[in-house]
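Printed here is my_file05.txt (compact mmCIF, C-alpha atoms):
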```txt
# COMPACT_ATOMS: atom_id res chain seq x y z
CA MET A 1472 42.93 68.50 -5.55
CA ASN A 1473 43.43 64.84 -4.81
CA LEU A 1474 45.81 62.95 -2.57
CA ALA A 1475 48.21 61.99 -5.39
CA PHE A 1476 48.65 65.62 -6.39
CA LEU A 1477 49.35 66.69 -2.79
CA PHE A 1478 51.85 63.87 -2.27
CA ILE A 1479 53.72 64.45 -5.54
CA SER A 1480 53.89 68.20 -5.07
CA ALA A 1481 55.16 67.79 -1.49
CA LEU A 1482 57.87 65.44 -2.81
CA THR A 1483 58.81 67.85 -5.59
CA VAL A 1484 58.98 70.89 -3.32
CA ALA A 1485 61.00 68.96 -0.72
CA GLY A 1486 63.43 67.85 -3.44
CA GLY A 1487 63.73 71.41 -4.72
CA VAL A 1488 64.39 72.85 -1.26
CA ALA A 1489 67.01 70.17 -0.58
CA ALA A 1490 68.61 70.80 -4.00
CA VAL A 1491 69.29 74.46 -3.24
CA ALA A 1492 69.85 74.25 0.54
CA LEU A 1493 72.09 71.23 1.20
CA LYS A 1494 75.77 71.85 1.93
CA ASN A 1495 77.30 68.97 -0.05
CA THR A 1496 77.05 69.62 -3.80
CA VAL A 1497 76.66 65.92 -4.68
CA HIS A 1498 73.68 65.68 -2.31
CA CYS A 1499 72.25 68.75 -4.07
CA ALA A 1500 72.50 66.95 -7.43
CA LEU A 1501 70.73 63.89 -6.01
CA ALA A 1502 67.96 66.04 -4.51
CA LEU A 1503 67.65 67.77 -7.88
CA THR A 1504 66.98 64.35 -9.43
CA ILE A 1505 64.13 63.84 -6.95
CA ALA A 1506 62.67 67.23 -7.86
CA PHE A 1507 62.89 66.38 -11.60
CA ALA A 1508 61.20 63.01 -10.99
CA GLY A 1509 58.43 64.74 -9.02
CA LEU A 1510 57.90 67.17 -11.88
CA ALA A 1511 57.72 64.28 -14.36
CA LEU A 1512 55.07 62.66 -12.12
CA LEU A 1513 53.14 65.96 -12.09
CA PHE A 1514 53.26 65.99 -15.91
CA LEU A 1515 51.91 62.41 -15.95
CA ASP A 1516 49.23 63.42 -13.44
CA LEU A 1517 48.19 66.15 -15.88
CA GLY A 1518 47.80 63.61 -18.68
CA ALA A 1519 50.88 64.73 -20.62
CA GLN A 1520 52.51 61.33 -21.02
CA PHE A 1521 54.94 62.34 -23.75
CA ALA A 1522 56.18 65.42 -21.89
CA GLY A 1523 56.48 63.39 -18.68
CA PHE A 1524 58.66 60.72 -20.25
CA ALA A 1525 60.66 63.34 -22.16
CA GLN A 1526 61.23 65.03 -18.80
CA ILE A 1527 62.53 61.77 -17.30
CA LEU A 1528 64.80 61.10 -20.30
CA VAL A 1529 66.19 64.60 -20.70
CA TYR A 1530 66.40 65.82 -17.12
CA ILE A 1531 67.06 62.72 -15.03
CA GLY A 1532 68.93 60.91 -17.79
CA ALA A 1533 71.01 63.78 -19.15
CA VAL A 1534 70.96 67.03 -17.17
CA ALA A 1535 71.36 65.46 -13.71
CA ILE A 1536 74.23 63.29 -14.97
CA LEU A 1537 75.79 66.37 -16.59
CA VAL A 1538 75.58 68.22 -13.25
CA VAL A 1539 77.27 65.31 -11.47
CA PHE A 1540 80.04 65.30 -14.11
CA ALA A 1541 80.53 69.05 -13.70
CA ILE A 1542 80.78 68.60 -9.91
CA LEU A 1543 83.40 65.90 -10.36
CA LEU A 1544 85.42 67.93 -12.87
CA THR A 1545 85.42 71.08 -10.73
CA ARG A 1546 85.94 69.28 -7.42
CA GLY A 1547 82.82 71.12 -6.29
CA SER A 1548 81.94 68.61 -3.57
CA GLU A 1549 84.52 70.12 -1.24
CA THR A 1550 82.66 72.45 1.11
CA PRO A 1551 84.36 75.87 1.09
CA LYS A 1552 85.54 77.04 4.49
CA ASP A 1553 83.65 80.34 4.41
CA GLY A 1554 80.22 78.77 3.92
CA VAL A 1555 78.17 77.73 0.90
CA TYR A 1556 75.96 80.81 0.83
CA SER A 1557 76.80 84.08 -0.85
CA LYS A 1558 77.66 87.16 1.22
CA ARG A 1559 74.36 88.82 0.39
CA TRP A 1560 72.11 85.76 0.84
CA PRO A 1561 69.43 87.51 2.94
CA ALA A 1562 68.71 89.86 0.03
CA GLY A 1563 68.33 86.91 -2.34
CA LEU A 1564 65.98 85.16 0.07
CA VAL A 1565 63.87 88.31 0.45
CA ILE A 1566 63.66 88.74 -3.35
CA ALA A 1567 62.59 85.09 -3.83
CA ALA A 1568 59.97 85.39 -1.06
CA ALA A 1569 58.65 88.60 -2.61
CA VAL A 1570 58.40 86.95 -6.05
CA PHE A 1571 56.49 84.02 -4.53
CA ALA A 1572 54.19 86.41 -2.64
CA VAL A 1573 53.34 88.32 -5.82
CA LEU A 1574 52.79 85.14 -7.88
CA GLY A 1575 50.73 83.48 -5.14
CA TRP A 1576 48.63 86.60 -4.66
CA ALA A 1577 47.93 86.81 -8.41
CA ILE A 1578 46.98 83.12 -8.58
CA LEU A 1579 44.71 83.27 -5.53
CA GLN A 1580 43.05 86.45 -6.83
CA THR A 1581 42.08 84.74 -10.09
CA ALA A 1582 41.60 81.23 -8.62
CA PRO A 1583 37.77 81.15 -8.78
CA ARG A 1584 37.82 81.99 -12.50
CA LEU A 1585 40.57 79.52 -13.45
CA GLY A 1586 39.70 76.40 -15.46
CA GLN A 1587 37.35 73.96 -13.80
CA ASP A 1588 37.99 70.23 -13.65
CA SER A 1589 37.51 68.85 -17.16
CA PRO A 1590 37.94 65.31 -18.50
CA ALA A 1591 41.56 64.60 -19.32
CA PRO A 1592 42.30 65.08 -23.03
CA SER A 1593 43.63 61.92 -24.64
CA VAL A 1594 46.70 62.70 -26.71
CA SER A 1595 48.57 59.90 -28.44
CA VAL A 1596 52.20 60.02 -29.51
CA VAL A 1597 50.97 59.69 -33.11
CA GLN A 1598 49.13 63.02 -32.77
CA ILE A 1599 52.24 64.66 -31.30
CA GLY A 1600 54.40 63.30 -34.11
CA GLN A 1601 51.97 64.51 -36.75
CA ALA A 1602 51.82 67.96 -35.15
CA LEU A 1603 55.63 68.09 -35.03
CA MET A 1604 55.85 67.17 -38.72
CA THR A 1605 53.16 69.58 -39.95
CA ARG A 1606 52.35 72.65 -37.89
CA TYR A 1607 55.52 72.73 -35.75
CA VAL A 1608 58.03 71.61 -38.37
CA LEU A 1609 59.85 74.96 -38.48
CA PRO A 1610 60.41 75.16 -34.69
CA LEU A 1611 61.56 71.52 -34.83
CA GLU A 1612 64.21 72.37 -37.45
CA ILE A 1613 65.33 75.42 -35.46
CA ILE A 1614 65.63 73.27 -32.32
CA ALA A 1615 67.77 70.83 -34.29
CA VAL A 1616 70.11 73.64 -35.37
CA LEU A 1617 70.16 75.03 -31.81
CA LEU A 1618 71.05 71.65 -30.30
CA THR A 1619 73.84 71.14 -32.82
CA ALA A 1620 75.21 74.62 -32.15
CA ALA A 1621 74.99 74.09 -28.38
CA LEU A 1622 76.75 70.72 -28.65
CA ILE A 1623 79.63 72.15 -30.71
CA GLY A 1624 79.77 75.26 -28.52
CA ALA A 1625 79.91 73.26 -25.29
CA VAL A 1626 82.69 71.05 -26.66
CA ILE A 1627 84.72 74.06 -27.86
CA VAL A 1628 84.22 75.95 -24.58
CA ALA A 1629 85.20 72.99 -22.40
CA MET A 1630 87.97 71.71 -24.69
CA HIS A 1631 91.42 71.50 -23.17
CA GLU A 1632 93.66 74.24 -24.52
CA HIS A 1633 96.92 72.36 -24.92
CA GLY A 1634 99.10 75.24 -26.06
CA ARG A 1635 98.31 77.59 -23.20
CA HIS A 1636 98.42 74.90 -20.57
CA GLU A 1637 101.87 73.72 -21.58
CA LYS A 1638 103.19 77.28 -21.49
CA GLU A 1639 101.87 77.68 -17.94
CA GLU A 1640 103.60 74.52 -16.87
CA VAL A 1641 106.91 75.74 -18.34
CA LYS A 1642 106.62 78.95 -16.31
CA MET B 330 40.52 75.97 -5.11
CA THR B 331 40.46 74.62 -8.64
CA PRO B 332 43.05 72.02 -9.75
CA LEU B 333 44.69 74.52 -12.11
CA ALA B 334 45.27 76.95 -9.24
CA GLY B 335 46.92 74.15 -7.26
CA PHE B 336 49.33 73.37 -10.09
CA LEU B 337 50.08 77.07 -10.61
CA LEU B 338 50.82 77.51 -6.90
CA VAL B 339 53.19 74.53 -6.90
CA ALA B 340 54.94 75.93 -10.00
CA ALA B 341 55.25 79.36 -8.36
CA LEU B 342 56.74 77.72 -5.25
CA ILE B 343 59.30 75.73 -7.29
CA PHE B 344 60.17 78.87 -9.27
CA SER B 345 60.77 80.81 -6.04
CA ILE B 346 62.91 77.98 -4.61
CA GLY B 347 65.01 77.99 -7.79
CA LEU B 348 65.31 81.79 -7.66
CA ALA B 349 66.38 81.64 -4.01
CA GLY B 350 69.00 79.02 -4.91
CA ALA B 351 70.32 81.05 -7.84
CA LEU B 352 70.57 84.20 -5.71
CA THR B 353 72.00 82.78 -2.47
CA ARG B 354 74.54 80.10 -3.42
CA ARG B 355 78.22 80.76 -4.10
CA ASN B 356 78.94 77.71 -6.27
CA ALA B 357 78.26 78.34 -9.97
CA ILE B 358 76.93 74.78 -10.44
CA LEU B 359 74.32 75.35 -7.71
CA VAL B 360 73.25 78.56 -9.46
CA LEU B 361 72.72 76.50 -12.64
CA ILE B 362 70.67 73.99 -10.60
CA GLY B 363 68.47 76.87 -9.43
CA ILE B 364 68.01 78.04 -13.02
CA GLU B 365 67.03 74.51 -14.09
CA LEU B 366 64.38 74.43 -11.34
CA MET B 367 63.00 77.77 -12.56
CA LEU B 368 62.79 76.47 -16.16
CA ASN B 369 61.00 73.34 -14.94
CA ALA B 370 58.46 75.41 -13.03
CA ALA B 371 57.70 77.30 -16.25
CA ASN B 372 57.22 73.96 -18.06
CA LEU B 373 54.77 72.85 -15.36
CA ASN B 374 52.78 76.05 -15.94
CA LEU B 375 52.66 75.39 -19.70
CA ILE B 376 51.45 71.81 -19.25
CA ALA B 377 48.87 72.81 -16.62
CA PHE B 378 47.44 75.54 -18.87
CA TRP B 379 47.35 73.04 -21.76
CA ARG B 380 45.44 70.50 -19.63
CA TYR B 381 42.82 72.94 -18.26
CA GLY B 382 42.69 75.30 -21.25
CA PRO B 383 39.73 75.46 -23.63
CA HIS B 384 41.42 73.64 -26.55
CA PRO B 385 43.72 70.86 -25.30
CA GLU B 386 43.39 69.03 -28.64
CA ALA B 387 45.39 71.84 -30.31
CA LEU B 388 48.49 70.64 -28.35
CA THR B 389 49.92 74.18 -28.14
CA GLY B 390 50.98 74.13 -24.48
CA MET B 391 52.38 70.61 -24.78
CA MET B 392 54.50 71.61 -27.81
CA PHE B 393 55.75 74.69 -25.95
CA ALA B 394 56.81 72.47 -23.05
CA ILE B 395 58.60 69.96 -25.30
CA PHE B 396 60.54 72.68 -27.11
CA SER B 397 61.29 74.34 -23.79
CA ILE B 398 62.74 71.06 -22.47
CA ALA B 399 65.03 70.88 -25.53
CA VAL B 400 66.19 74.49 -25.09
CA ALA B 401 66.81 73.89 -21.37
CA ALA B 402 68.97 70.87 -22.22
CA ALA B 403 71.08 72.99 -24.59
CA GLU B 404 71.34 75.69 -21.91
CA ALA B 405 72.53 73.17 -19.32
CA ALA B 406 75.21 71.78 -21.65
CA VAL B 407 76.61 75.23 -22.52
CA GLY B 408 76.32 76.51 -18.93
CA LEU B 409 78.16 73.57 -17.41
CA GLY B 410 80.82 73.76 -20.14
CA LEU B 411 81.35 77.42 -19.20
CA VAL B 412 81.57 76.53 -15.50
CA ILE B 413 84.23 73.90 -16.23
CA GLN B 414 86.21 76.38 -18.33
CA VAL B 415 85.98 79.07 -15.63
CA HIS B 416 87.13 76.55 -13.05
CA ARG B 417 90.10 75.64 -15.24
CA HIS B 418 90.97 79.31 -15.59
CA ALA B 419 90.36 80.64 -12.06
CA ARG B 420 90.77 77.37 -10.07
CA SER B 421 87.44 78.12 -8.38
CA THR B 422 83.70 78.06 -9.01
CA ASP B 423 83.03 80.56 -6.22
CA LEU B 424 80.96 83.36 -7.75
CA ASP B 425 81.83 85.78 -4.93
CA ALA B 426 85.52 85.48 -5.87
CA MET B 427 84.83 86.24 -9.56
CA ASN B 428 84.86 90.00 -9.61
CA ARG B 429 86.58 90.85 -12.88
CA MET B 430 85.73 90.26 -16.52
CA LYS B 431 89.38 90.17 -17.64
CA GLY B 432 91.08 86.78 -17.51
```

Rendering of file as structure tokens:
Amino acid sequence: MNLAFLFISALTVAGGVAAVALKNTVHCALALTIAFAGLALLFLDLGAQFAGFAQILVYIGAVAILVVFAILLTRGSETPKDGVYSKRWPAGLVIAAAVFAVLGWAILQTAPRLGQDSPAPSVSVVQIGQALMTRYVLPLEIIAVLLTAALIGAVIVAMHEHGRHEKEEVK
Amino acid sequence: MTPLAGFLLVAALIFSIGLAGALTRRNAILVLIGIELMLNAANLNLIAFWRYGPHPEALTGMMFAIFSIAVAAAEAAVGLGLVIQVHRHARSTDLDAMNRMKG
């Protein structure tokens, strides 16, 4: 429970709150980037260098940019006139607060028995690569197939349908 | 409070923030942002349990987190592709206005 942890978690939580609460969608995407960066710092604080840098590459480098592109393509930065929150937002807020209450209660109940402070394990990228190539080679292959399928699927889903569009314009 | 409990509490808080975002916003992209936050909170839990678990040299939690990051990236690509297609079809990303399955 040191100062760095408190600072990084405050930054991450603030970024997360801003990402879901701000009115302008582009500001939300920028706040989301801050939350992702804070999470990457938390990973580094935990001694998981590889996961931390993968988080920066994948989330800040790809997912946040993808979100910005989606906002641009859907003109989502225009604030709708009847508010940015759903009609039943109090129910959603109550559900989220209840989930946090249950999770927090469970954590605080078991807190004294949870892992004590231990010396940080030193894990090199070589060890991770060897584990990926030996014990985790099957999940790695499945992830490769999944990523290929997701890539093709996303392109097909978002592809411009020329035939239908032209017909609509004729009408 | 032990360090692990601190990390778990932060992850629970981020998860709840993401859930609140997914349940209260109208814009489909903001709902996806909430889901991404929830996935990230789960990753933080995995890494924290790996760090303070009895066998960190086995790398299990770390591997789970890395694969989870890859799956989340695929989910984001497909989800945002769907949002763009829905916007092209309905001229809106407002989830309150989407009340029928038929196109």

Distance table requested - chain A against chain B, cut-off 7 Å, only C-alpha atoms: one row per qualifying residue with the closest atom pair and its distance in Å to one decimal, ordered by chain and rising residue number, as CSV.
```
residue,atom,partner,partner_atom,distance
A:Met1472,CA,B:Pro332,CA,5.5
A:Ser1480,CA,B:Val339,CA,6.6
A:Val1484,CA,B:Ile343,CA,6.3
A:Gly1487,CA,B:Ile346,CA,6.6
A:Val1488,CA,B:Ile346,CA,6.3
A:Val1491,CA,B:Gly350,CA,4.9
A:Phe1514,CA,B:Ile376,CA,7.0
A:Leu1517,CA,B:Arg380,CA,6.4
A:Ala1522,CA,B:Ile395,CA,6.2
A:Val1534,CA,B:Ala402,CA,6.6
A:Ala1541,CA,B:Leu409,CA,6.3
A:Leu1544,CA,B:Ile413,CA,7.0
A:Thr1545,CA,B:His416,CA,6.2
A:Val1555,CA,B:Arg355,CA,5.8
A:Tyr1556,CA,B:Arg354,CA,4.5
A:Ser1557,CA,B:Arg355,CA,4.9
A:Trp1560,CA,B:Thr353,CA,4.5
A:Gly1563,CA,B:Leu352,CA,4.9
A:Leu1564,CA,B:Ala349,CA,5.4
A:Ala1567,CA,B:Ala349,CA,5.1
A:Ala1568,CA,B:Ser345,CA,6.8
A:Val1570,CA,B:Ser345,CA,6.6
A:Phe1571,CA,B:Ser345,CA,5.6
A:Leu1574,CA,B:Ala341,CA,6.3
A:Gly1575,CA,B:Leu338,CA,6.2
A:Ile1578,CA,B:Ala334,CA,6.4
A:Ala1582,CA,B:Ala334,CA,5.7
A:Pro1583,CA,B:Met330,CA,6.9
A:Leu1585,CA,B:Leu333,CA,6.6
A:Gly1586,CA,B:Tyr381,CA,5.4
A:Gln1587,CA,B:Thr331,CA,6.1
A:Asp1588,CA,B:Pro332,CA,6.6
A:Ser1589,CA,B:Tyr381,CA,6.8
A:Pro1592,CA,B:Pro385,CA,6.4
A:Leu1618,CA,B:Ala403,CA,5.9
A:Ala1621,CA,B:Ala403,CA,5.6
A:Gly1624,CA,B:Val407,CA,6.8
A:Ala1625,CA,B:Val407,CA,4.7
A:Val1628,CA,B:Gly410,CA,6.0
A:Ala1629,CA,B:Gly410,CA,5.0
```

*Can you tell me how far CA of Gly1486 in chain A sits from CA of Ala1511 in chain A, in Å to one decimal?*
12.8 Å

*Between CA of Gln1526 in chain A and CA of Phe1507 in chain A, what is the spacing in Å?*
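Pair CA of Phe1507 in chain A / CA of Gln1526 in chain A returns 7.5 Å.
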
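Interatomic distance, CA of Glu1549 in chain A to CA of Val1497 in chain A: 9.6 Å.
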
*Which residue out of A:Val1565, A:Ala1525, A:Val1538, A:Ala1591 has the minimum interatomic distance to His1498 in chain A when all atoms listed in the file are used?*
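For His1498 in chain A, the nearest of the given residues is A:Val1538.
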